[in-house]
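Dumped model_0.cif below, it's mmCIF, C-alpha atoms and all ligand atoms:
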```
data_structure
#
loop_
_atom_site.label_atom_id
_atom_site.label_comp_id
_atom_site.auth_asym_id
_atom_site.auth_seq_id
_atom_site.Cartn_x
_atom_site.Cartn_y
_atom_site.Cartn_z
CA MET A 27 -8.83 22.61 3.31
CA HIS A 28 -7.95 20.77 0.09
CA TYR A 29 -6.79 17.27 0.99
CA LEU A 30 -4.95 15.73 -1.95
CA ASP A 31 -2.85 13.15 -0.11
CA HIS A 32 -5.04 10.03 0.02
CA ALA A 33 -2.04 7.77 -0.62
CA ALA A 34 -0.60 8.93 2.72
CA THR A 35 -3.83 8.31 4.58
CA THR A 36 -7.55 8.90 4.15
CA PRO A 37 -10.28 10.69 6.08
CA VAL A 38 -12.52 8.32 8.04
CA PRO A 39 -16.16 8.66 6.94
CA ARG A 40 -18.73 9.36 9.66
CA ALA A 41 -20.32 5.90 9.35
CA VAL A 42 -16.93 4.26 9.99
CA ALA A 43 -16.21 6.47 13.00
CA ASP A 44 -19.71 5.75 14.37
CA ARG A 45 -19.17 2.02 14.01
CA ILE A 46 -15.81 2.27 15.83
CA TYR A 47 -17.42 4.28 18.63
CA GLU A 48 -20.22 1.75 18.97
CA VAL A 49 -17.75 -1.13 19.35
CA LEU A 50 -15.54 0.81 21.79
CA THR A 51 -18.43 1.80 24.04
CA GLU A 52 -21.01 -0.98 23.66
CA GLN A 53 -19.51 -4.10 22.11
CA TYR A 54 -16.24 -3.86 24.00
CA GLY A 55 -15.92 -7.49 25.06
CA ASN A 56 -12.77 -9.54 24.60
CA PRO A 57 -13.41 -12.08 21.81
CA SER A 58 -11.83 -14.79 24.02
CA SER A 59 -14.26 -14.19 26.92
CA GLN A 60 -16.83 -16.91 27.56
CA TYR A 61 -20.00 -14.88 28.06
CA PRO A 62 -22.35 -13.03 25.68
CA LEU A 63 -20.32 -9.79 25.47
CA GLY A 64 -17.29 -11.87 24.47
CA PHE A 65 -19.30 -13.97 22.00
CA GLN A 66 -20.59 -10.75 20.43
CA ALA A 67 -17.02 -9.47 20.05
CA ARG A 68 -15.95 -12.79 18.49
CA ARG A 69 -18.89 -12.65 16.08
CA LEU A 70 -18.13 -9.08 15.00
CA THR A 71 -14.49 -10.02 14.43
CA GLU A 72 -15.45 -12.98 12.25
CA ASP A 73 -18.17 -11.05 10.39
CA SER A 74 -15.63 -8.30 9.66
CA ARG A 75 -13.11 -10.84 8.42
CA GLY A 76 -15.80 -12.17 6.08
CA VAL A 77 -16.55 -8.70 4.67
CA ILE A 78 -12.87 -7.98 3.91
CA ALA A 79 -12.24 -11.48 2.54
CA ASP A 80 -15.22 -11.10 0.22
CA ALA A 81 -13.72 -7.87 -1.16
CA LEU A 82 -10.43 -9.69 -1.74
CA GLY A 83 -12.15 -12.71 -3.29
CA CYS A 84 -10.66 -15.12 -0.75
CA LYS A 85 -11.86 -17.39 2.03
CA ALA A 86 -12.33 -15.69 5.39
CA ASP A 87 -9.90 -18.04 7.09
CA SER A 88 -7.10 -16.99 4.72
CA LEU A 89 -7.12 -13.52 6.29
CA TYR A 90 -5.31 -12.60 9.52
CA PHE A 91 -5.60 -9.23 11.23
CA THR A 92 -2.39 -7.34 12.00
CA SER A 93 -1.65 -3.88 13.40
CA CYS A 94 -0.77 -2.28 10.03
CA GLY A 95 0.55 -2.85 6.53
CA THR A 96 4.11 -2.64 7.84
CA GLU A 97 3.50 -5.53 10.23
CA SER A 98 1.91 -7.59 7.44
CA ASP A 99 4.95 -7.00 5.22
CA ASN A 100 7.42 -7.92 7.98
CA TRP A 101 5.45 -11.02 8.93
CA ALA A 102 5.13 -12.19 5.32
CA ILE A 103 8.85 -11.76 4.65
CA ARG A 104 10.12 -13.39 7.86
CA SER A 105 7.77 -16.34 7.64
CA ALA A 106 8.32 -16.94 3.93
CA LEU A 107 12.06 -17.18 4.61
CA TRP A 108 11.44 -19.64 7.42
CA ASN A 109 9.29 -21.65 5.03
CA GLY A 110 12.13 -21.82 2.48
CA ARG A 111 14.98 -22.23 4.99
CA ARG A 112 16.07 -25.57 3.53
CA THR A 113 15.93 -24.36 -0.06
CA GLY A 114 18.02 -21.19 -0.10
CA ARG A 115 18.62 -17.61 0.94
CA HIS A 116 17.93 -15.62 -2.22
CA ILE A 117 15.19 -12.98 -2.36
CA ILE A 118 13.88 -11.00 -5.34
CA THR A 119 12.24 -7.63 -4.88
CA THR A 120 12.10 -4.26 -6.63
CA ALA A 121 14.20 -1.20 -5.84
CA VAL A 122 10.99 0.81 -5.46
CA GLU A 123 9.13 -1.09 -2.73
CA HIS A 124 7.88 0.73 0.33
CA SER A 125 10.34 0.93 3.22
CA ALA A 126 8.11 -1.57 5.07
CA VAL A 127 9.63 -4.14 2.67
CA LEU A 128 13.03 -2.61 1.88
CA GLU A 129 14.10 -2.07 5.50
CA PRO A 130 13.46 -5.66 6.69
CA LEU A 131 15.29 -6.88 3.58
CA ARG A 132 18.24 -4.62 4.33
CA LEU A 133 18.49 -6.14 7.81
CA LEU A 134 18.15 -9.65 6.39
CA GLU A 135 21.15 -8.99 4.16
CA GLN A 136 23.13 -8.46 7.36
CA GLU A 137 21.98 -11.96 8.38
CA GLY A 138 23.38 -13.46 5.19
CA TYR A 139 20.43 -13.34 2.80
CA GLU A 140 21.08 -12.24 -0.76
CA VAL A 141 18.65 -9.68 -2.20
CA THR A 142 18.18 -8.90 -5.91
CA ARG A 143 16.49 -5.50 -6.32
CA LEU A 144 14.93 -5.07 -9.77
CA ARG A 145 15.27 -1.58 -11.17
CA PRO A 146 12.26 0.05 -12.82
CA ASP A 147 12.45 1.62 -16.26
CA ARG A 148 12.41 5.39 -16.68
CA ASN A 149 8.59 5.35 -16.38
CA GLY A 150 8.65 3.48 -13.08
CA ASN A 151 7.53 0.11 -14.49
CA ILE A 152 8.80 -3.37 -13.66
CA SER A 153 8.22 -6.31 -16.01
CA ALA A 154 7.49 -9.93 -15.11
CA HIS A 155 10.35 -10.81 -17.49
CA GLN A 156 12.79 -9.15 -15.06
CA VAL A 157 11.59 -11.49 -12.31
CA ALA A 158 11.93 -14.50 -14.65
CA GLU A 159 15.53 -13.52 -15.38
CA ALA A 160 16.42 -13.06 -11.71
CA LEU A 161 14.77 -16.30 -10.53
CA ARG A 162 17.19 -18.98 -9.27
CA GLU A 163 17.00 -22.46 -7.75
CA ASP A 164 17.74 -20.99 -4.34
CA THR A 165 15.18 -18.15 -4.59
CA VAL A 166 12.82 -18.52 -1.64
CA LEU A 167 10.87 -15.27 -1.77
CA VAL A 168 9.69 -12.87 -4.47
CA THR A 169 8.15 -9.73 -2.98
CA VAL A 170 6.65 -7.21 -5.42
CA MET A 171 4.11 -4.50 -4.66
CA LEU A 172 0.83 -4.13 -6.58
CA VAL A 173 0.78 -0.33 -6.88
CA ASN A 174 3.78 1.88 -6.25
CA ASN A 175 2.90 4.47 -3.62
CA GLU A 176 4.85 7.28 -5.27
CA THR A 177 4.30 6.85 -9.01
CA GLY A 178 1.01 4.92 -9.08
CA CYS A 179 2.62 2.33 -11.40
CA VAL A 180 0.80 -1.02 -11.34
CA PHE A 181 3.15 -4.03 -11.28
CA PRO A 182 2.33 -7.30 -13.10
CA VAL A 183 1.79 -9.46 -10.02
CA ALA A 184 -0.57 -11.96 -11.70
CA GLU A 185 1.98 -12.52 -14.46
CA ILE A 186 4.79 -12.96 -11.95
CA ALA A 187 2.69 -15.61 -10.16
CA ARG A 188 2.20 -17.38 -13.51
CA ILE A 189 5.94 -17.38 -14.19
CA LEU A 190 6.74 -18.86 -10.77
CA LYS A 191 4.22 -21.63 -11.46
CA GLU A 192 5.55 -22.32 -14.97
CA ARG A 193 9.10 -22.52 -13.65
CA LYS A 194 7.89 -24.81 -10.83
CA SER A 195 9.66 -22.49 -8.42
CA SER A 196 9.23 -23.21 -4.73
CA ALA A 197 9.68 -19.48 -3.97
CA LEU A 198 6.76 -17.84 -2.21
CA LEU A 199 5.23 -14.76 -3.79
CA HIS A 200 4.38 -11.89 -1.45
CA CYS A 201 2.58 -8.79 -2.67
CA ASP A 202 2.30 -5.53 -0.75
CA ALA A 203 -1.17 -4.48 -1.93
CA VAL A 204 -1.53 -1.60 0.55
CA GLN A 205 -1.98 0.94 -2.30
CA GLY A 206 -3.74 -1.46 -4.64
CA PHE A 207 -6.60 -2.93 -2.62
CA LEU A 208 -9.94 -1.52 -3.88
CA LYS A 209 -8.09 0.69 -6.39
CA VAL A 210 -7.01 -1.81 -9.07
CA PRO A 211 -7.87 -5.50 -9.72
CA CYS A 212 -6.57 -7.55 -6.82
CA ASP A 213 -7.27 -11.30 -6.56
CA PRO A 214 -4.55 -13.21 -4.70
CA SER A 215 -6.21 -16.62 -4.68
CA ALA A 216 -7.05 -16.58 -8.41
CA TRP A 217 -3.59 -15.28 -9.27
CA GLY A 218 -1.75 -17.77 -7.07
CA VAL A 219 -0.12 -15.18 -4.81
CA HIS A 220 0.88 -16.77 -1.49
CA LEU A 221 0.89 -13.71 0.75
CA MET A 222 -0.69 -10.27 0.45
CA SER A 223 -0.54 -7.25 2.76
CA LEU A 224 -3.43 -4.81 3.28
CA SER A 225 -3.94 -1.70 5.40
CA ALA A 226 -7.24 -0.07 6.40
CA HIS A 227 -6.20 3.57 6.54
CA LYS A 228 -5.66 3.86 2.77
CA ILE A 229 -9.35 3.15 2.06
CA GLY A 230 -11.22 5.20 4.66
CA GLY A 231 -10.55 2.88 7.62
CA PRO A 232 -8.76 3.70 10.86
CA LYS A 233 -4.99 3.67 11.30
CA GLY A 234 -3.49 0.80 13.27
CA ILE A 235 -5.20 -2.11 11.55
CA GLY A 236 -4.06 -4.22 8.63
CA ALA A 237 -4.37 -7.75 7.37
CA LEU A 238 -2.26 -10.46 5.84
CA TYR A 239 -3.70 -12.88 3.30
CA VAL A 240 -2.07 -16.29 3.67
CA SER A 241 -2.87 -18.82 0.96
CA ASP A 242 -4.33 -22.05 2.31
CA THR A 243 -1.70 -23.91 0.27
CA LEU A 244 0.83 -22.80 2.91
CA LYS A 245 0.98 -25.28 5.74
CA ASN A 246 2.59 -24.48 9.09
CA PHE A 247 2.91 -20.78 8.40
CA ARG A 248 5.12 -19.31 11.09
CA PRO A 249 3.66 -16.75 13.53
CA LEU A 250 5.30 -13.36 13.93
CA LEU A 251 3.85 -12.80 17.42
CA PRO A 252 3.60 -16.04 19.38
CA GLY A 253 1.52 -15.68 22.53
CA GLY A 254 -2.05 -16.24 23.63
CA GLY A 255 -3.04 -17.93 20.39
CA GLN A 256 -5.42 -15.39 18.83
CA GLU A 257 -5.88 -15.40 15.03
CA ARG A 258 -5.77 -19.19 15.00
CA GLY A 259 -2.43 -19.20 16.78
CA LEU A 260 -0.67 -17.17 14.09
CA ARG A 261 -0.93 -13.61 15.41
CA SER A 262 -1.37 -13.34 19.15
CA GLY A 263 -2.57 -10.24 20.97
CA THR A 264 -6.13 -9.32 21.94
CA GLU A 265 -7.99 -8.51 18.75
CA ALA A 266 -8.40 -4.76 18.03
CA THR A 267 -12.16 -5.23 17.66
CA ALA A 268 -13.07 -1.57 17.12
CA GLN A 269 -10.44 -1.11 14.40
CA ILE A 270 -11.40 -4.44 12.85
CA ALA A 271 -15.08 -3.41 12.70
CA GLY A 272 -14.00 0.00 11.31
CA PHE A 273 -11.87 -1.70 8.64
CA ALA A 274 -14.86 -3.81 7.55
CA LYS A 275 -17.21 -0.81 7.53
CA ALA A 276 -14.71 1.14 5.40
CA VAL A 277 -14.53 -1.77 2.94
CA GLU A 278 -18.32 -1.95 2.74
CA LEU A 279 -18.60 1.79 2.08
CA ARG A 280 -15.80 1.78 -0.53
CA ARG A 281 -17.34 -1.15 -2.40
CA ASP A 282 -20.64 0.67 -2.74
CA HIS A 283 -20.57 1.93 -6.38
CA LEU A 284 -16.82 1.24 -6.43
CA ASP A 285 -16.50 1.30 -10.22
CA GLU A 286 -18.10 4.74 -10.37
CA LYS A 287 -15.82 6.01 -7.60
CA LEU A 288 -12.73 4.71 -9.40
CA ALA A 289 -13.84 6.16 -12.74
CA ARG A 290 -14.38 9.54 -11.06
CA MET A 291 -10.92 9.41 -9.51
CA ALA A 292 -9.37 8.51 -12.87
CA ASP A 293 -11.19 11.42 -14.56
CA LEU A 294 -10.05 13.78 -11.85
CA LYS A 295 -6.48 12.56 -12.21
CA ALA A 296 -6.58 13.23 -15.98
CA TYR A 297 -8.13 16.67 -15.37
CA CYS A 298 -5.47 17.50 -12.78
CA ARG A 299 -2.61 16.33 -15.03
CA ASP A 300 -3.84 18.40 -17.98
CA LEU A 301 -4.38 21.49 -15.86
CA LEU A 302 -0.97 21.27 -14.17
CA LEU A 303 0.79 20.59 -17.48
CA SER A 304 -0.36 24.04 -18.62
CA ILE A 305 2.09 25.50 -16.06
CA PRO A 306 5.39 26.19 -17.89
CA GLY A 307 8.07 23.57 -17.12
CA MET A 308 5.70 21.10 -15.43
CA GLU A 309 6.34 17.40 -16.21
CA THR A 310 4.58 14.12 -15.45
CA VAL A 311 6.76 11.60 -13.64
CA GLY A 312 6.33 7.94 -14.51
CA SER A 313 3.40 6.37 -16.27
CA GLY A 314 1.37 5.26 -13.27
CA THR A 315 -2.07 3.99 -14.19
CA ALA A 316 -3.57 3.56 -10.70
CA PRO A 317 -6.59 5.88 -10.60
CA HIS A 318 -5.70 7.63 -7.36
CA ILE A 319 -2.01 8.61 -7.69
CA LEU A 320 -0.51 11.33 -9.90
CA CYS A 321 3.17 12.13 -9.80
CA MET A 322 4.42 15.43 -11.26
CA SER A 323 7.55 17.53 -11.17
CA LEU A 324 8.40 21.19 -11.50
CA PRO A 325 12.14 20.90 -12.17
CA GLY A 326 14.08 23.70 -10.52
CA TYR A 327 11.50 24.17 -7.77
CA PRO A 328 12.29 21.87 -4.83
CA SER A 329 9.17 19.97 -3.83
CA ALA A 330 9.90 20.32 -0.11
CA ASN A 331 9.34 24.10 -0.51
CA ILE A 332 6.21 23.58 -2.60
CA VAL A 333 4.71 21.16 -0.07
CA ASN A 334 5.44 23.47 2.87
CA GLU A 335 4.11 26.57 1.18
CA LEU A 336 0.95 24.85 -0.07
CA GLY A 337 0.46 23.27 3.35
CA GLU A 338 0.31 26.73 4.88
CA GLN A 339 -2.52 27.53 2.47
CA GLY A 340 -4.42 24.38 3.50
CA ILE A 341 -3.50 22.37 0.40
CA CYS A 342 -2.12 18.95 1.32
CA ILE A 343 0.10 17.10 -1.15
CA SER A 344 3.30 15.21 -0.56
CA ALA A 345 6.88 15.37 -1.78
CA GLY A 346 7.20 11.73 -2.76
CA SER A 347 6.23 9.35 0.01
CA ALA A 348 5.13 10.73 3.39
CA CYS A 349 7.33 8.04 4.95
CA HIS A 350 10.56 9.67 3.78
CA ARG A 351 10.21 12.81 5.85
CA GLY A 352 12.11 15.04 3.46
CA LYS A 353 14.85 12.58 2.38
CA PRO A 354 15.31 12.19 -1.41
CA SER A 355 13.16 9.31 -2.60
CA HIS A 356 14.78 5.98 -3.49
CA VAL A 357 12.03 5.53 -6.09
CA PHE A 358 13.08 8.48 -8.24
CA SER A 359 16.76 7.66 -8.05
CA ALA A 360 16.00 4.06 -9.07
CA MET A 361 14.05 5.41 -12.06
CA GLY A 362 17.12 7.39 -13.08
CA LEU A 363 15.36 10.77 -13.07
CA PRO A 364 17.64 13.78 -13.53
CA LYS A 365 18.46 15.35 -10.13
CA LYS A 366 16.45 18.51 -10.76
CA THR A 367 13.36 16.56 -11.84
CA ALA A 368 13.63 14.24 -8.83
CA ALA A 369 14.03 17.20 -6.45
CA GLY A 370 10.94 18.86 -7.90
CA THR A 371 8.70 15.81 -7.73
CA PHE A 372 5.47 15.82 -5.76
CA ARG A 373 2.58 13.42 -5.42
CA ILE A 374 -1.11 14.26 -5.63
CA SER A 375 -3.50 11.52 -4.59
CA PHE A 376 -7.26 11.35 -4.78
CA GLY A 377 -10.12 9.80 -2.86
CA PRO A 378 -13.85 9.50 -3.44
CA GLU A 379 -14.34 12.81 -1.60
CA THR A 380 -11.96 14.81 -3.87
CA GLY A 381 -13.52 17.28 -6.33
CA ARG A 382 -12.47 19.55 -9.18
CA GLY A 383 -12.43 22.52 -6.77
CA ASP A 384 -9.56 20.87 -4.86
CA VAL A 385 -7.59 20.40 -8.08
CA GLU A 386 -8.23 23.99 -9.19
CA ALA A 387 -7.04 25.34 -5.83
CA LEU A 388 -3.84 23.31 -6.24
CA TYR A 389 -3.31 24.67 -9.76
CA GLU A 390 -3.69 28.30 -8.64
CA ALA A 391 -1.33 27.78 -5.70
CA LEU A 392 1.33 26.12 -7.88
CA LYS A 393 1.14 28.89 -10.48
CA SER A 394 1.52 31.49 -7.79
CA HIS A 395 4.44 29.59 -6.17
CA GLN A 396 6.25 29.51 -9.49
CA SER A 397 5.70 33.18 -10.22
CA ARG A 398 7.12 34.22 -6.81
CA ARG A 399 10.19 31.98 -6.63
CA PHE A 400 13.40 31.87 -8.63
CA PRO A 401 14.14 28.45 -10.03
CA MET A 402 17.01 26.51 -8.45
CA LEU A 403 19.83 26.34 -11.02
N1 LIG A 501 3.16 -0.40 1.78
C1 LIG A 501 2.82 0.64 1.01
C2 LIG A 501 2.89 0.50 -0.48
C3 LIG A 501 2.40 1.84 1.59
O1 LIG A 501 2.07 2.87 0.81
C4 LIG A 501 2.34 1.93 3.00
C5 LIG A 501 1.96 3.20 3.65
O2 LIG A 501 2.13 4.26 3.12
C6 LIG A 501 2.70 0.80 3.75
C7 LIG A 501 3.10 -0.34 3.12
C8 LIG A 501 2.65 0.82 5.25
O3 LIG A 501 1.33 0.68 5.70
P1 LIG A 501 0.98 1.09 7.21
O4 LIG A 501 0.99 2.58 7.27
O5 LIG A 501 -0.39 0.52 7.45
O6 LIG A 501 1.99 0.45 8.07
#
```
Turn this file's structure into structure tokens for me.
Amino acid sequence: MHYLDHAATTPVPRAVADRIYEVLTEQYGNPSSQYPLGFQARRLTEDSRGVIADALGCKADSLYFTSCGTESDNWAIRSALWNGRRTGRHIITTAVEHSAVLEPLRLLEQEGYEVTRLRPDRNGNISAHQVAEALREDTVLVTVMLVNNETGCVFPVAEIARILKERKSSALLHCDAVQGFLKVPCDPSAWGVHLMSLSAHKIGGPKGIGALYVSDTLKNFRPLLPGGGQERGLRSGTEATAQIAGFAKAVELRRDHLDEKLARMADLKAYCRDLLLSIPGMETVGSGTAPHILCMSLPGYPSANIVNELGEQGICISAGSACHRGKPSHVFSAMGLPKKTAAGTFRISFGPETGRGDVEALYEALKSHQSRRFPML
């Protein structure tokens, strides 16, 4: 198999799976229990929080575990609006956020919030200047992702934070860093970001565990799940200790020689782009600089067919985001791509395990697909 879809999810390394198994079978206590097995579970939860916080350059108690990136995004948005309820009902975001941000915002519009969606340029980029122009007195939330999951474009989150500070805006800044964490520089506390969403399964961790960074400048942050009072009263529900330990182990493994891993991914991305561009008609889509995401199009050849055919040969890539399940991507329409280019767009994404052999298998399969199919007119 040639797995080239690391932006959808990642394989879990053996050491991470072993750690999860160990917690499930041996350290299975409830962190709230008042005996040694419970104390051990509490300790492993807090040690894991420390490991992830260290990777994010923040204090451990700024990090709250959630069930996934989607939950972190929903929590951040809802609670930021509660925070600003006396100031206004205006939200700024981009038209190319993940649906974990766009869908809650769509529902909030039905509740009377006003949402400004910034459009990217033809290359998929958003500028901090666009946020500055859209900012108003009644803006209570700016939510902008760090790395776009389809194009790999990196958005200027640090600069946006600086603009909010300069303008003395009381709006909170949320960043969905699910595709950016441990891929590109990411430092919420130094940048002055108030809220940041993470997810373990994009970096070799298990599915079903995420985290939300909440700046300690935010007082009385509102819980999404009130209940038994876990996560310092902000996110109730018995802690998913095995997933939490797996998340931390994945972070530890990723950080080992991280710069070398990222440089290798970037080299592989360049190699892949050059090789695929030698196929007649092939185009690059957007100017994403994240090292792990490459977006290409073969106009005239619908990507849904490409993805299905390659999948049958054991080559896994995606037609835009895996979350769209075959629907045309909102990202490519927002970028204003011609219909044929948008329909032919597919995403290749790399991990530390990917090699040149995987890329070469993809190239051969794409060449063969093109030679056997008539282009769509
Ligand atoms: N945000 C971005 C940018 C993503 O790419 C994804 C997943 O693809 C999510 C949020 C959702 O994360 P999760 O699958 O952990 O809910």
Subject >> Expected answer as a list in words: residues within 7 Å of ligand LIG 501 (chain A), only C-alpha atoms and all ligand atoms >> reply: Ala33, Ala34, Cys94, Gly95, Thr96, Glu97, Glu123, His124, Ala126, Met171, Val173, Asn174, Asn175, Asp202, Ala203, Val204, Gln205, Ser225, Ala226, His227, Lys233, Gly234, Ile235, Gly236 and Cys349 of chain A
Original post:
Any idea what's packed within 8 Å of Gly110 (chain A), counting all atoms listed in the file, ignoring anything in its chain fewer than 6 positions away? Could you give it as a VMD selection string?
Top reply: chain A and resid 166 to 167 196 to 197
Subject >> Local residues around (0.1, 15.5, -16.8), at most 9 Å away, using only C-alpha atoms, as a list of chain:residue names >> reply: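 Output: A:Lys295, A:Ala296, A:Tyr297, A:Cys298, A:Arg299, A:Asp300, A:Leu301, A:Leu302, A:Leu303, A:Ser304, A:Met308, A:Glu309, A:Thr310, A:Val311, A:Leu320, A:Cys321, A:Met322.
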**OP:** Do a neighbour search on region 354-366 of chain A at 10 Å with only C-alpha atoms, toss out local chain neighbours closer than 5 positions, and write the hits as a ChimeraX atom specification.
**Re:** /A:120-125,143-151,174-177,311-312,323-328,330,345-347,349,371,402-403
Subject >> Within 10 Å of Phe207 (chain A) using only C-alpha atoms, minus same-chain residues under 5 positions, as a PyMOL selection string >> reply: chain A and resi 81-82+172-173+202+212-213+222-226+228-229+277
Original post:
How far is it from CA of Ala274 (chain A) to CA of Gly76 (chain A), in Å with one decimal?
Top reply: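 Separation between CA of Ala274 (chain A) and CA of Gly76 (chain A): 8.5 Å.
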**OP:** Take CA of Gln339 (chain A) and CA of Ala289 (chain A) and report the distance between them in Å, one decimal.
**Re:**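 Going from CA of Gln339 (chain A) over to CA of Ala289 (chain A), I get 28.6 Å.
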Compute the distance from (-22.7, -4.2, 21.5) to each atom, counting only C-alpha atoms, keep the residues with any atom at most 12 Å away, and return them as a JSON list (two decimals) with C-alpha atoms, in the coordinates of the input; use the coordinates of the file.
```json
[["chain", "number", "residue", "atom", "x", "y", "z"],
["A", 45, "ARG", "CA", -19.17, 2.02, 14.01],
["A", 46, "ILE", "CA", -15.81, 2.27, 15.83],
["A", 47, "TYR", "CA", -17.42, 4.28, 18.63],
["A", 48, "GLU", "CA", -20.22, 1.75, 18.97],
["A", 49, "VAL", "CA", -17.75, -1.13, 19.35],
["A", 50, "LEU", "CA", -15.54, 0.81, 21.79],
["A", 51, "THR", "CA", -18.43, 1.80, 24.04],
["A", 52, "GLU", "CA", -21.01, -0.98, 23.66],
["A", 53, "GLN", "CA", -19.51, -4.10, 22.11],
["A", 54, "TYR", "CA", -16.24, -3.86, 24.00],
["A", 55, "GLY", "CA", -15.92, -7.49, 25.06],
["A", 56, "ASN", "CA", -12.77, -9.54, 24.60],
["A", 62, "PRO", "CA", -22.35, -13.03, 25.68],
["A", 63, "LEU", "CA", -20.32, -9.79, 25.47],
["A", 64, "GLY", "CA", -17.29, -11.87, 24.47],
["A", 65, "PHE", "CA", -19.30, -13.97, 22.00],
["A", 66, "GLN", "CA", -20.59, -10.75, 20.43],
["A", 67, "ALA", "CA", -17.02, -9.47, 20.05],
["A", 68, "ARG", "CA", -15.95, -12.79, 18.49],
["A", 69, "ARG", "CA", -18.89, -12.65, 16.08],
["A", 70, "LEU", "CA", -18.13, -9.08, 15.00],
["A", 267, "THR", "CA", -12.16, -5.23, 17.66],
["A", 268, "ALA", "CA", -13.07, -1.57, 17.12],
["A", 271, "ALA", "CA", -15.08, -3.41, 12.70]]
```
**OP:** Do a neighbour search on Cys84 (chain A) at 9 Å with only C-alpha atoms, toss out local chain neighbours closer than 2 positions, and write the hits as a ChimeraX atom specification.
**Re:** /A:78-82,86-89,213-216,239,241
**OP:** Name the residues in contact with Ile341 (chain A) at a cut-off of 12 Å, using all atoms listed in the file, excluding same-chain residues fewer than 2 positions from it; report them as a list in words.
**Re:** Met27, His28, Tyr29, Leu30, Asp31, Ile332, Val333, Asn334, Glu335, Leu336, Gly337, Glu338, Gln339, Ile343, Ser344, Ile374, Ser375, Gly383, Asp384, Val385, Glu386, Ala387, Leu388, Tyr389, Glu390, Ala391 and Leu392 of chain A
